[in-house]
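K.L.:
Dropping a structure here in structure tokens format, bear with me for questions.
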Amino acid sequence: MSTQIQSAGIDRRSFDSLGHANHGWLDARHHFSFASYYDPARMGWGAIRVWNDDVIAPNAGFPPHPHADMEIITYVRTGAITHQDSMGNAGRTAAGDVQVMSAGTGVRHAEYNLEAEPTTLFQIWIEPRSRGGQPSWGAKPFPKGERSGKFVTLASGFEEDRDALRIRADARVLGATLRAGESVEHRLGEGRHAYLVPATGRIEIDGVPFAARDGAALSAQETGGRTVTITAVEDAEIVLVDSE
């Protein structure tokens, strides 16, 4: 079993090396230490603290539970997730769309799969730039056709990303869909960290191969940054987080 492959600042974490917990209603893979999965080499990446790859059974989900001081982004891959929280928000987020919750000083929420099929999603936690603040929630559709052959910013803590969902972190969550043979570049600034997962399809990053649901930890030099080229070996759907 391949656990970790490193090449020139590209750290490949194969799907079969991820933390795994199957609760019956929830089959979860953990890119970073989470709950009962602990790996001191995988405590986070930059400001990213959690990247869970969840499969939620029909008519099941997470009952009300609390969060504080964390930016929580949910990227739905198939099916849909239905959200309710202590702020009075409720909504259904379908495949390809995104929801964000700034936990701030504290919030309780529940997430259920009320569909007749399993729901698959990535849940990503990013540390906020500062603690506290009023909690908030939002969701938005991001049609896959509009990110064909390019990265689109889905959630961002930067004011210039006006079409993205707002988060309170010096980070961006990006999505792209690539046809087989297409390439896209990502510029990683000085001292920044990026983590990338192909939701579907095989890709290469600067020639390093990745299968669907493998993780790629990308780092830049303290001076000069770097640009990586991502090429689809087959049709692929990609999610990338760029953080401090």
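Every chain in the structure tokens takes a letter, A first, then B, and so on in the order presented; its residues are numbered from 1, and the ligands are numbered from 1 following the presented order.
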Would you please extract all strand (DSSP E or B) residues from stretch 128-215 of chain A, as assigned by DSSP on the backbone, and give them as an NGL selection string?
P.N.:
:A and (136-140 or 148 or 152-156 or 165-166 or 172-178 or 183-188 or 193-200 or 203-205 or 208-210 or 215)
K.L.:
Please report as CSV every residue of stretch 131-153 of chain A lying within 12 Å of stretch 212-235 of chain A, along with the nearest atom pair and their distance in Å (one decimal), using only C-alpha atoms.
P.N.:
residue,atom,partner,partner_atom,distance
A:Ser148,CA,A:Asp235,CA,10.6
A:Gly149,CA,A:Ala232,CA,9.9
A:Lys150,CA,A:Ile230,CA,10.5
A:Phe151,CA,A:Ile230,CA,10.8
K.L.:
What lies within 12 Å of A:Pro143 using only C-alpha atoms, ignoring chain neighbours under 5 positions off, as number ranges by chain?
P.N.:
A: 94-98, 148, 152, 154, 175-177
K.L.:
Could you write out the selected residues, including N, CA and C atoms, as a short mmCIF file (atom, residue, chain, number, x, y, z; two decimals), in the first residue's frame?
P.N.:
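result.cif, written as the output of this step:
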data_model
loop_
_atom_site.label_atom_id
_atom_site.label_comp_id
_atom_site.auth_asym_id
_atom_site.auth_seq_id
_atom_site.Cartn_x
_atom_site.Cartn_y
_atom_site.Cartn_z
N ALA A 94 -27.00 20.84 -3.18
CA ALA A 94 -26.96 19.69 -4.10
C ALA A 94 -25.57 19.53 -4.72
N ALA A 95 -25.41 18.44 -5.47
CA ALA A 95 -24.12 18.08 -6.06
C ALA A 95 -23.52 19.24 -6.87
N GLY A 96 -22.24 19.50 -6.64
CA GLY A 96 -21.52 20.55 -7.33
C GLY A 96 -21.60 21.89 -6.65
N ASP A 97 -22.50 22.01 -5.66
CA ASP A 97 -22.69 23.28 -4.97
C ASP A 97 -21.92 23.26 -3.64
N VAL A 98 -21.91 24.43 -3.00
CA VAL A 98 -21.06 24.62 -1.83
C VAL A 98 -21.84 25.34 -0.75
N SER A 148 -15.32 24.90 -16.43
CA SER A 148 -14.69 23.98 -17.37
C SER A 148 -13.36 24.56 -17.86
N VAL A 152 -12.36 28.20 -10.61
CA VAL A 152 -13.32 29.21 -10.17
C VAL A 152 -13.25 29.25 -8.65
N LEU A 154 -14.69 29.35 -5.19
CA LEU A 154 -15.95 28.94 -4.58
C LEU A 154 -16.19 29.63 -3.25
N GLY A 175 -12.48 25.40 -7.47
CA GLY A 175 -12.96 24.21 -8.16
C GLY A 175 -12.73 24.33 -9.65
N ALA A 176 -12.46 23.19 -10.29
CA ALA A 176 -12.28 23.16 -11.75
C ALA A 176 -12.74 21.81 -12.27
N THR A 177 -13.23 21.80 -13.52
CA THR A 177 -13.49 20.55 -14.23
C THR A 177 -12.63 20.55 -15.49
#
K.L.:
Can you tell me, as a list in words, what residues are no more than 8 Å from A:Leu165 when counting only C-alpha atoms, ignoring any on the same chain fewer than 3 positions away?
P.N.:
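Contacts, with the query itself left out: Gln99, Val100, Gly138, Ala139, Lys140, Leu154, Ala155 and Ser156 of chain A.
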K.L.:
Mind dumping the selected residues with C-alpha atoms as a PDB file, in the first residue's frame?
P.N.:
ATOM      1  CA  GLN A  99     -22.097  25.719   1.642  1.00  0.00           C
ATOM      2  CA  VAL A 100     -19.993  27.537   4.233  1.00  0.00           C
ATOM      3  CA  GLY A 138     -24.446  30.562   3.355  1.00  0.00           C
ATOM      4  CA  ALA A 139     -24.783  28.346   0.273  1.00  0.00           C
ATOM      5  CA  LYS A 140     -24.476  28.903  -3.456  1.00  0.00           C
ATOM      6  CA  LEU A 154     -15.950  28.942  -4.584  1.00  0.00           C
ATOM      7  CA  ALA A 155     -15.230  30.414  -1.155  1.00  0.00           C
ATOM      8  CA  SER A 156     -12.785  33.117  -0.162  1.00  0.00           C
TER       9      SER A 156
END
K.L.:
Please measure the separation of atom CA of A:Ile203 and atom CA of A:His20, giving the value in Å to one decimal.
P.N.:
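Taking atom CA of A:Ile203 and atom CA of A:His20, their separation equals 23.2 Å.
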